[in-house]
Amino acid sequence: MSTHGIKLTVNGKPFERTVEGRLTLVDFLRHELGLTGTHVGCEHGVCGACTVLLDGHSARSCLTFAVQADGHDVTTVEGLGGPDGELNVLQQAFRDNHGLQCGFCTPGMLITLTEFLRDNPEPTEAEVREVLTGNLCRCTGYAGIVAAALDAAQKLRAAKR
Amino acid sequence: MGAKQFGARVTRLEDPALLSGRGRFVDDVMLPGTLHACFVRAPHAHARINAVDPSAALALRGVHVAMTSDDLPGPMRTQRIPMMLPVMGNPALRTQHCLARDEVAYAGQAVAVVVADNRYVAEDAAAVVAVDYDVLPAASDARDAVAMAAPAVHSDMASNVAMTVPMSFGDVDAAFARAAHVFEEEIWAHRGGGMAMETRAVLATYEPATDMLTVWSSTQTPHLGRRTLADMFERNLESIRMIAPDVGGGFGPKAPFYPEEAVIPAAAMTLGRPVKWVEDRREHFMCAIQERDQYWKVAVAVDADGRLLGFRGTMLHDTGAFTPWGIVMPYIAAVTVPGPYVMPAYRLETTVALTNKVPTAPVRGAGRPQAVFVMERLMDRIGRELKLDRAEVRRRNMIGPERMPYEIPLVFRDGKPIVYHGGDFPKSQIKAIALSGYDDFGERKAQALAQGRYIGIGIANYVEGTGLGPFEGVTIRVLTNGKVAVATGATNQGQGTRTTLSQIVADQVGCRIEDIVMTIGDTAAISQGVGGFASRQAINAGSSALLAGGTVRKQIMALAARTLGVPEDDIDLNDGTATARGGNKPSITFSDLARLAQGIPGSAFPEGQVAGLEHTTYFSPPQASYCNGTHVVEVEVDPPTGGITLLKYIVAHDSGVVINPLIVDGQVQGGVAHGVGNALLEWMRYDENAQLQTTTFADYLLPTATDVPACEIEHVETPNPLNPLGVKGAGEGGTIPAPAAIVSAIEDALSPFGVHFAEMPLTPERIVAALRAAGAYDDEGT
């Protein structure tokens with residue numbers, strides 16, 4: 001099996017590793033770096049549980065090879081909160097609005113919405129629902145997640161003023 | 001006392017870890033030296049196994065072992081997995097072997113396992129294990145499977161009819177003889193899956209130093225799992241620890257015991273290394289239990305006013321190849337039909353059919369969505385035929401609150417007669433109707449139609465037996481650091497069990513909710529347990545938390561009173577401190593009290609003192625608790641495409657006293673989403689050879705954020721007299737009536753075309769087909 005040296009930044013920290021060509025990015029994050037917050041739900045790119053930011057853009061880490069992240073910057077759920085684990089505005093909004101139940105899809109939801117709210121600070125409910133169609137949740141029926149996204153958007157706007 | 005937690009909208013204690021990537025699901029548990037397993041699975045729905053040759057797999061670098069059934073230890077080699085809820089003396093009802101021996105009966109059945117350095121190599125190896133099969137004819141459709149000439153699902157059996165279950169009460173024939181009207185329906189409910197976002201997963205390690213086999217499993221029932229492992233490995237219960245850490249959704253399919261939960265520990269013991277297996281999504285489709293395929297042929301007898309006189313019919317239940325939980329689902333479906341309505345006479349014959357498909361066991365709702373669909377379709381039919389409003393025909397037939405307790409002359413699956421203790425069914429419907437704007441809907445519908453829009457409203461009622469026994473327990477122990485340890489056999493797959501139980505304990509014991517240290521889903525923490533299914537944990541574990549908490553509170557009060565020299569009724573417990581109300585308000589912390597309760601080594605206890613501030617209660621309910629509710633949904637149908645939009649969704653719901661409205665609302669909303677999937681999207685498609693065609697989320701559609709509206713939820717709180725909290729189950733009620741309400745609404749929206757539906761899911765292609773048959777497209781030349 002061919003191996004490749006890769007260098008990348010994950011949550012602001014540089015890493016250098018040698019990996020097999022076929023190793024997926026999500027397995028690299030989970031098994032090589034121990035960042036188990038990113039989850040594997042379907043391994044075929046539909047459920048969105050494995051979503052991470054690759055150079056600021058959401059990407060399915062189950063359909064991305066680790067070698068494709070060579071030279072790039074990855075953000076996972078572990079990189080969202082404060083250094084001592086404080087919840088950020090979006091994470092807190094999820095808690096306040098019961099935006100999670102089992103919590104398995106949650107990291108992907110948070111990453112998707114992190115990108116979305118950065119690019120769309122004043123979203124409508126319909127826009128939030130549309131972007132969330134890329135992430136499946138079986139527990140919540142989405143209402144809490146949508147409410148959390150709108151709540152976070154409002155709080156992020158207020159903080160900017 | 002501090003602010004009362006019980007009944008408050010408390011944000012969840014589970015959330016901070018799950019929101020910051022610090023959850024601990026099975027695949028997140030990393031033990032040094034762990035090897036990874038992959039299963040070799042049958043590609044055929046029915047086949048004889050002639051030989052298994054793993055030599056090519058064993059030749060790969062990094063492969064440690066390949067095991068077939070002959071390599072399994074003890075009873076696992078030849079015996080089938082013990083059946084939960086067995087039906088005695090019926091060999092047709094059977095579970096599978098851990099690894100198939102001579103024959104496979106569904107595509108996906110495990111034949112062998114390969115263990116390697118990592119998952120990648122294990123998959124390489126599994127792919128080259130050579131299995132010599134003789135393909136046998138497979139039974140796919142249950143209606144064909146029960147025919148005389150059908151291929152046998154198991155080659156040792158003459159018939160695929162596993163069991164017939166007759167049940168009846170009242171004089172059905174007389175009811176039909178005197179009926180003003182008789183209406184017949186053929187109704188089909190299709191199978192779907194639980195589809196938790198976390199697939200199943202097992203990690204096992206054996207420690208010779210302690211002779212302990214530890215198994216992490218993404219299960220709803222670790223205590224039941226440990227019992228099964230003890231049987232299969234012939235080990236003492238005390239030498240097996242089963243842990244369900246964070247579990248990423250359950251919905252039923254994680255309740256039964258699966259082959260992998262025994263094979264992975266067997267591999268770990270064989271190799272002397274930890275072994276992990278994480279199911280992939282394709283495996284989940286092909287191996288995790290499914291539910292709901294039932295074919296009903298029913299007739300209802302009514303008087304001239306639309307009041308029920310009797311019901312008769314047959315139901316054919318497709319149980320798949322094996323019956324890990326016996327016949328519990330068809331049984332529940334069969335006894336759920338009368339629901340909230342006065343049913344004078346009832347006769348149903350249920351046939352349980354084996355097919356060469358994935359085994360079935362309860363999925364959220366467990367037979368009830370089908371039964372409610374049948375009854376509610378009939379209610380709509382009665383209304384339509386007699387030109388009665390759909391809400392009115394239901395109201396006329398409802399069991400009023402003045403008739404409580406009300407007995408349906410059938411035995412529920414808990415072995416007890418079905419007795420509704422309270423609940424106000426008409427009130428629930430009145431509230432849902434009021435919230436939905438049902439009364440002026442006709443006007444809105446006419447306005448919409450004038451604009452070329454087809455909107456409709458649907459209504460469905462249900463009654464659900466929840467909170468099944470036999471028991472669940474809670475241990476509460478005040479620790480010497482002042483914190484309060486709580487352990488329970490209840491489990492948590494997202495229901496907020498930790499938060500709910502903490503609310504109860506904090507109020508009882510008088511501590512801060514943050515100071516509760518909860519252990520859930522670990523057989524080492526409490527000796528007896530059952531687990532999470534049948535909407536049973538708030539009732540069983542919640543009541544245990546209340547009762548155990550009350551006892552520990554008394555222990556704290558007695559010790560504090562003795563220590564502070566004040567009467568017990570002069571003491572407040574608050575934030576982990578006992579404080580006297582009088583004098584200079586002396587106080588003592590729980591930490592100090594816990595130390596005092598341990599005594600001094602060698603010294604006698606003061607009179608009345610018991611060891612530790614600690615108590616365990618196992619609450620056992622006398623019977624099922626029946627919750628109820630009404631769903632009203634408004635939809636818009638796009639006739640050219642058959643596309644459905646849910647415009648408005650109302651739930652009036654009586655789950656008794658609400659412990660935490662945040663969590664109960666979440667359960668209802670999530671349950672409705674599952675029901676939306678069952679109503680419109682989720683189609684587990686098998687071909688005529690019983691090969692599953694839908695093995696990805698691109699083929700099998702789950703509801704997304706644009707499919708499920710935010711429900712308006714109204715709680716009708718009728719306290720439940722069957723437990724000290726007054727609660728009833730809340731986890732499945734959102735799902736149960738949803739398909740009935742949604743299909744009712746679609747039919748209403750399309751009433752200008754006169755099309756009728758009797759199936760779930762109702763997909764766009766079926767809607768278009770019905771509209772085409774009704775001539776809806778004739779003007780367009782299609």
# chains A, B, ... in the order shown; residues from 1 in each chain; ligands from 1

$ residues_around --residues "range 90-95 of chain A" --least-positions-apart "6" --cutoff "10 Å" --atoms "only C-alpha atoms" --output "number ranges by chain"
A: 77, 80-81, 101, 106-107, 109-111, 113-114, 117, 144-153, 155-156; B: 11-16, 18-20

$ write_last_selection --atoms "C-alpha atoms" --output "mmCIF file, in the first residue's frame"
data_model
loop_
_atom_site.group_PDB
_atom_site.id
_atom_site.type_symbol
_atom_site.label_atom_id
_atom_site.label_comp_id
_atom_site.auth_asym_id
_atom_site.auth_seq_id
_atom_site.Cartn_x
_atom_site.Cartn_y
_atom_site.Cartn_z
ATOM 1 C CA VAL A 77 -15.883 20.498 16.204
ATOM 2 C CA LEU A 80 -15.113 25.638 17.712
ATOM 3 C CA GLY A 81 -15.284 26.408 21.428
ATOM 4 C CA GLN A 101 -30.608 14.721 21.465
ATOM 5 C CA THR A 106 -24.320 17.460 16.103
ATOM 6 C CA PRO A 107 -20.664 18.066 15.162
ATOM 7 C CA MET A 109 -24.526 20.315 12.098
ATOM 8 C CA LEU A 110 -22.315 22.775 13.975
ATOM 9 C CA ILE A 111 -19.686 22.825 11.250
ATOM 10 C CA LEU A 113 -23.872 26.143 10.353
ATOM 11 C CA THR A 114 -20.537 27.722 11.275
ATOM 12 C CA LEU A 117 -23.709 31.828 9.460
ATOM 13 C CA GLY A 144 -34.457 22.790 17.739
ATOM 14 C CA ILE A 145 -31.582 22.954 15.279
ATOM 15 C CA VAL A 146 -33.347 25.555 13.131
ATOM 16 C CA ALA A 147 -34.237 27.574 16.220
ATOM 17 C CA ALA A 148 -30.636 27.347 17.432
ATOM 18 C CA ALA A 149 -29.274 28.572 14.112
ATOM 19 C CA LEU A 150 -31.625 31.571 14.054
ATOM 20 C CA ASP A 151 -30.920 32.319 17.712
ATOM 21 C CA ALA A 152 -27.171 32.171 17.109
ATOM 22 C CA ALA A 153 -27.436 34.376 14.034
ATOM 23 C CA LYS A 155 -26.738 36.865 18.880
ATOM 24 C CA LEU A 156 -23.769 36.989 16.529
ATOM 25 C CA THR B 11 -31.309 22.605 29.655
ATOM 26 C CA ARG B 12 -29.617 19.257 29.360
ATOM 27 C CA LEU B 13 -26.606 18.090 31.310
ATOM 28 C CA GLU B 14 -25.624 15.869 28.392
ATOM 29 C CA ASP B 15 -25.107 18.778 26.017
ATOM 30 C CA PRO B 16 -21.755 20.447 26.769
ATOM 31 C CA LEU B 18 -21.680 16.413 22.955
ATOM 32 C CA LEU B 19 -21.445 19.973 21.606
ATOM 33 C CA SER B 20 -17.690 20.192 21.932
#

$ residues_around --residues "Gly642 in chain B" --least-positions-apart "3" --cutoff "7 Å" --atoms "only C-alpha atoms" --output "PyMOL selection string"
chain B and resi 637-639+764-765+767-768

$ select_by_dssp --residues "chain A" --states "strand (DSSP E)" --output "compact mmCIF listing (two decimals) with N, CA and C atoms, in the first residue's frame"
# COMPACT_ATOMS: atom_id res chain seq x y z
N THR A 3 2.33 4.88 0.66
CA THR A 3 2.20 5.84 1.75
C THR A 3 2.71 7.20 1.29
N HIS A 4 2.20 8.21 1.97
CA HIS A 4 2.51 9.58 1.57
C HIS A 4 2.73 10.43 2.82
N GLY A 5 3.69 11.32 2.75
CA GLY A 5 3.87 12.27 3.84
C GLY A 5 2.92 13.44 3.64
N ILE A 6 2.24 13.83 4.71
CA ILE A 6 1.35 15.00 4.60
C ILE A 6 1.63 15.97 5.75
N LYS A 7 1.41 17.24 5.45
CA LYS A 7 1.50 18.30 6.45
C LYS A 7 0.20 19.08 6.39
N LEU A 8 -0.40 19.28 7.51
CA LEU A 8 -1.64 20.05 7.52
C LEU A 8 -1.83 20.72 8.88
N THR A 9 -2.77 21.64 8.93
CA THR A 9 -3.11 22.31 10.18
C THR A 9 -4.50 21.86 10.59
N VAL A 10 -4.63 21.43 11.83
CA VAL A 10 -5.95 21.04 12.33
C VAL A 10 -6.25 21.85 13.58
N LYS A 13 -3.38 23.82 14.88
CA LYS A 13 -2.11 23.16 15.22
C LYS A 13 -1.54 22.45 14.00
N PRO A 14 -0.23 22.57 13.78
CA PRO A 14 0.37 21.87 12.64
C PRO A 14 0.61 20.39 12.95
N PHE A 15 0.39 19.54 11.95
CA PHE A 15 0.68 18.10 12.08
C PHE A 15 1.42 17.63 10.85
N GLU A 16 2.28 16.65 11.05
CA GLU A 16 3.01 16.04 9.95
C GLU A 16 2.95 14.53 10.15
N ARG A 17 2.44 13.81 9.18
CA ARG A 17 2.25 12.36 9.34
C ARG A 17 2.51 11.66 8.00
N THR A 18 2.73 10.35 8.10
CA THR A 18 2.80 9.52 6.90
C THR A 18 1.55 8.63 6.88
N VAL A 19 0.83 8.66 5.80
CA VAL A 19 -0.46 7.95 5.75
C VAL A 19 -0.56 7.11 4.48
N GLU A 20 -1.42 6.10 4.56
CA GLU A 20 -1.74 5.33 3.36
C GLU A 20 -2.60 6.18 2.44
N THR A 51 -18.89 16.18 8.60
CA THR A 51 -18.54 17.46 7.99
C THR A 51 -17.47 18.21 8.78
N VAL A 52 -16.44 18.67 8.07
CA VAL A 52 -15.39 19.52 8.67
C VAL A 52 -15.20 20.73 7.76
N LEU A 53 -14.46 21.70 8.23
CA LEU A 53 -14.11 22.82 7.36
C LEU A 53 -12.72 22.56 6.79
N LEU A 54 -12.63 22.67 5.48
CA LEU A 54 -11.35 22.53 4.78
C LEU A 54 -11.06 23.90 4.17
N HIS A 57 -14.17 25.91 4.09
CA HIS A 57 -15.33 25.42 3.35
C HIS A 57 -15.74 24.07 3.89
N SER A 58 -17.06 23.86 4.04
CA SER A 58 -17.50 22.57 4.58
C SER A 58 -17.19 21.46 3.59
N ALA A 59 -16.76 20.32 4.14
CA ALA A 59 -16.39 19.18 3.30
C ALA A 59 -16.73 17.90 4.04
N ARG A 60 -17.07 16.88 3.26
CA ARG A 60 -17.35 15.56 3.84
C ARG A 60 -16.01 14.87 4.09
N ASP A 73 -5.92 23.54 5.71
CA ASP A 73 -6.27 23.88 7.08
C ASP A 73 -7.62 23.24 7.39
N VAL A 74 -7.67 22.43 8.44
CA VAL A 74 -8.89 21.70 8.79
C VAL A 74 -9.42 22.23 10.12
N THR A 75 -10.72 22.43 10.19
CA THR A 75 -11.36 22.77 11.47
C THR A 75 -12.39 21.69 11.78

$ interface_residues --of "chain A" --to "chain B" --cutoff "7 Å" --atoms "only C-alpha atoms" --output "JSON list (two decimals) with N, CA and C atoms, in the first residue's frame"
[["chain", "number", "residue", "atom", "x", "y", "z"],
["A", 36, "THR", "N", -11.99, 12.61, 18.07],
["A", 36, "THR", "CA", -13.13, 11.74, 17.82],
["A", 36, "THR", "C", -14.46, 12.49, 17.77],
["A", 37, "GLY", "N", -14.40, 13.80, 17.83],
["A", 37, "GLY", "CA", -15.65, 14.57, 17.74],
["A", 37, "GLY", "C", -16.31, 14.48, 16.37],
["A", 41, "GLY", "N", -21.25, 8.60, 9.87],
["A", 41, "GLY", "CA", -22.63, 8.12, 9.92],
["A", 41, "GLY", "C", -23.04, 7.27, 8.74],
["A", 42, "CYS", "N", -22.45, 7.53, 7.56],
["A", 42, "CYS", "CA", -22.90, 6.75, 6.39],
["A", 42, "CYS", "C", -21.76, 6.35, 5.47],
["A", 46, "VAL", "N", -23.90, 11.35, 2.44],
["A", 46, "VAL", "CA", -25.26, 11.90, 2.53],
["A", 46, "VAL", "C", -25.56, 12.47, 3.91],
["A", 77, "VAL", "N", -15.05, 20.01, 15.10],
["A", 77, "VAL", "CA", -15.88, 20.50, 16.20],
["A", 77, "VAL", "C", -15.04, 20.85, 17.42],
["A", 78, "GLU", "N", -13.92, 20.14, 17.60],
["A", 78, "GLU", "CA", -13.06, 20.42, 18.75],
["A", 78, "GLU", "C", -12.46, 21.83, 18.66],
["A", 81, "GLY", "N", -15.08, 25.75, 20.14],
["A", 81, "GLY", "CA", -15.28, 26.41, 21.43],
["A", 81, "GLY", "C", -14.03, 27.11, 21.93],
["A", 85, "GLY", "N", -12.87, 24.75, 26.74],
["A", 85, "GLY", "CA", -14.09, 24.01, 26.45],
["A", 85, "GLY", "C", -15.34, 24.85, 26.58],
["A", 91, "GLN", "N", -22.83, 26.89, 19.70],
["A", 91, "GLN", "CA", -22.96, 25.71, 20.57],
["A", 91, "GLN", "C", -23.94, 25.97, 21.72],
["A", 95, "ARG", "N", -27.66, 24.28, 22.84],
["A", 95, "ARG", "CA", -28.08, 23.81, 24.16],
["A", 95, "ARG", "C", -29.38, 24.50, 24.58],
["A", 96, "ASP", "N", -29.44, 25.81, 24.38],
["A", 96, "ASP", "CA", -30.61, 26.56, 24.83],
["A", 96, "ASP", "C", -31.88, 26.16, 24.10],
["A", 98, "HIS", "N", -32.47, 23.15, 22.58],
["A", 98, "HIS", "CA", -32.60, 21.69, 22.47],
["A", 98, "HIS", "C", -32.36, 21.24, 21.03],
["A", 101, "GLN", "N", -30.15, 15.75, 20.53],
["A", 101, "GLN", "CA", -30.61, 14.72, 21.46],
["A", 101, "GLN", "C", -29.48, 13.72, 21.67],
["A", 102, "CYS", "N", -29.28, 12.80, 20.74],
["A", 102, "CYS", "CA", -28.18, 11.84, 20.95],
["A", 102, "CYS", "C", -26.83, 12.48, 20.73],
["A", 103, "GLY", "N", -26.78, 13.54, 19.93],
["A", 103, "GLY", "CA", -25.54, 14.28, 19.75],
["A", 103, "GLY", "C", -24.62, 13.74, 18.69],
["A", 104, "PHE", "N", -25.04, 12.69, 17.98],
["A", 104, "PHE", "CA", -24.12, 12.08, 17.02],
["A", 104, "PHE", "C", -23.98, 12.92, 15.75],
["A", 105, "CYS", "N", -25.09, 13.49, 15.27],
["A", 105, "CYS", "CA", -25.02, 14.32, 14.07],
["A", 105, "CYS", "C", -24.53, 15.72, 14.37],
["A", 106, "THR", "N", -24.52, 16.07, 15.67],
["A", 106, "THR", "CA", -24.32, 17.46, 16.10],
["A", 106, "THR", "C", -23.02, 18.10, 15.59],
["A", 107, "PRO", "N", -21.88, 17.41, 15.67],
["A", 107, "PRO", "CA", -20.66, 18.07, 15.16],
["A", 107, "PRO", "C", -20.79, 18.49, 13.70],
["A", 129, "ARG", "N", -33.15, 26.06, 6.81],
["A", 129, "ARG", "CA", -33.63, 24.70, 6.51],
["A", 129, "ARG", "C", -32.99, 24.16, 5.24],
["A", 130, "GLU", "N", -32.85, 25.00, 4.26],
["A", 130, "GLU", "CA", -32.26, 24.56, 3.00],
["A", 130, "GLU", "C", -30.82, 24.08, 3.21],
["A", 132, "LEU", "N", -29.50, 22.99, 5.88],
["A", 132, "LEU", "CA", -29.47, 21.80, 6.75],
["A", 132, "LEU", "C", -29.87, 20.52, 6.04],
["A", 133, "THR", "N", -30.39, 20.63, 4.81],
["A", 133, "THR", "CA", -30.77, 19.40, 4.11],
["A", 133, "THR", "C", -29.54, 18.54, 3.82],
["A", 136, "LEU", "N", -28.27, 15.00, 8.08],
["A", 136, "LEU", "CA", -29.42, 14.24, 8.60],
["A", 136, "LEU", "C", -29.37, 14.17, 10.12],
["A", 137, "CYS", "N", -30.55, 14.33, 10.73],
["A", 137, "CYS", "CA", -30.71, 14.11, 12.16],
["A", 137, "CYS", "C", -31.93, 13.21, 12.32],
["A", 138, "ARG", "N", -31.80, 12.15, 13.09],
["A", 138, "ARG", "CA", -32.93, 11.24, 13.27],
["A", 138, "ARG", "C", -33.68, 11.53, 14.57],
["A", 139, "CYS", "N", -33.05, 12.27, 15.48],
["A", 139, "CYS", "CA", -33.66, 12.46, 16.80],
["A", 139, "CYS", "C", -34.59, 13.66, 16.88],
["A", 140, "THR", "N", -34.14, 14.81, 16.40],
["A", 140, "THR", "CA", -34.76, 16.06, 16.84],
["A", 140, "THR", "C", -35.93, 16.51, 15.99],
["A", 141, "GLY", "N", -36.04, 16.02, 14.75],
["A", 141, "GLY", "CA", -37.06, 16.60, 13.87],
["A", 141, "GLY", "C", -36.70, 18.02, 13.46],
["A", 142, "TYR", "N", -35.44, 18.39, 13.68],
["A", 142, "TYR", "CA", -34.81, 19.63, 13.18],
["A", 142, "TYR", "C", -35.30, 20.93, 13.81],
["A", 143, "ALA", "N", -36.44, 20.94, 14.48],
["A", 143, "ALA", "CA", -36.99, 22.22, 14.95],
["A", 143, "ALA", "C", -36.00, 22.94, 15.88]]

$ atom_distance --atom1 "CA of Ile457 in chain B" --atom2 "CA of Gly313 in chain B"
27.9 Å

$ residues_around --residues "range 253-270 of chain B" --least-positions-apart "3" --cutoff "6 Å" --atoms "only C-alpha atoms" --output "list in words"
Cys98, Gly194, Ala204, Thr205, Tyr206, Thr219, Gln220, Thr221, Gly250, Arg273, Pro274, Val275 and Ile289 of chain B

$ select_by_dssp --residues "chain A" --states "helix (DSSP H, G or I)" --output "count of residues only"
63

$ atom_distance --atom1 "CA of Gly482 in chain B" --atom2 "CA of Phe590 in chain B"
4.8 Å

$ residues_around --residues "Ala758 in chain B" --least-positions-apart "3" --cutoff "7 Å" --atoms "only C-alpha atoms" --output "list in words"
Glu186, Ile187 and Trp188 of chain B

$ residues_around --residues "Asp53 in chain B" --least-positions-apart "3" --cutoff "12 Å" --atoms "only C-alpha atoms" --output "list in words"
Val40, Ile49, Asn50, Ala56, Ala57, Leu58, Ala59, Ala66, Met67, Thr68, Val111, Ala112, Val113, Val114, Ala125, Ala126, Ala127, Val128, Val129, Ala130, Val131, Asp132 and Tyr133 of chain B

$ write_last_selection --atoms "C-alpha atoms" --output "short mmCIF file (atom, residue, chain, number, x, y, z; two decimals), in the first residue's frame"
data_model
loop_
_atom_site.label_atom_id
_atom_site.label_comp_id
_atom_site.auth_asym_id
_atom_site.auth_seq_id
_atom_site.Cartn_x
_atom_site.Cartn_y
_atom_site.Cartn_z
CA VAL B 40 -18.26 -11.83 5.84
CA ILE B 49 -23.32 -23.09 2.90
CA ASN B 50 -21.10 -25.88 1.63
CA ALA B 56 -6.68 -16.13 1.09
CA ALA B 57 -7.73 -13.79 3.89
CA LEU B 58 -5.26 -15.29 6.34
CA ALA B 59 -2.47 -14.84 3.80
CA ALA B 66 -10.73 -15.56 10.48
CA MET B 67 -13.49 -17.31 12.40
CA THR B 68 -16.48 -19.34 11.31
CA VAL B 111 -21.11 -16.11 8.00
CA ALA B 112 -17.57 -15.39 9.22
CA VAL B 113 -15.51 -12.67 10.83
CA VAL B 114 -12.02 -11.46 10.02
CA ALA B 125 -9.57 -9.81 4.00
CA ALA B 126 -13.33 -10.25 4.32
CA ALA B 127 -13.64 -9.71 0.60
CA VAL B 128 -11.42 -12.71 -0.18
CA VAL B 129 -12.94 -15.23 2.22
CA ALA B 130 -14.32 -17.83 -0.16
CA VAL B 131 -17.76 -19.16 0.72
CA ASP B 132 -19.23 -21.94 -1.38
CA TYR B 133 -23.00 -21.48 -1.51
#

$ residues_around --residues "Leu229 in chain B" --least-positions-apart "4" --cutoff "10 Å" --atoms "only C-alpha atoms" --output "list of chain:residue names"
B:Met76, B:Ile81, B:Pro82, B:Leu213, B:Val215, B:His223, B:Leu224, B:Gly225, B:Phe233, B:Glu234, B:Arg235, B:Asn236, B:Leu237, B:Ile240, B:Arg241, B:Met242, B:Phe257, B:Glu261, B:Ala262, B:Pro265

$ atom_distance --atom1 "CA of Thr735 in chain B" --atom2 "CA of Ala679 in chain B"
9.7 Å
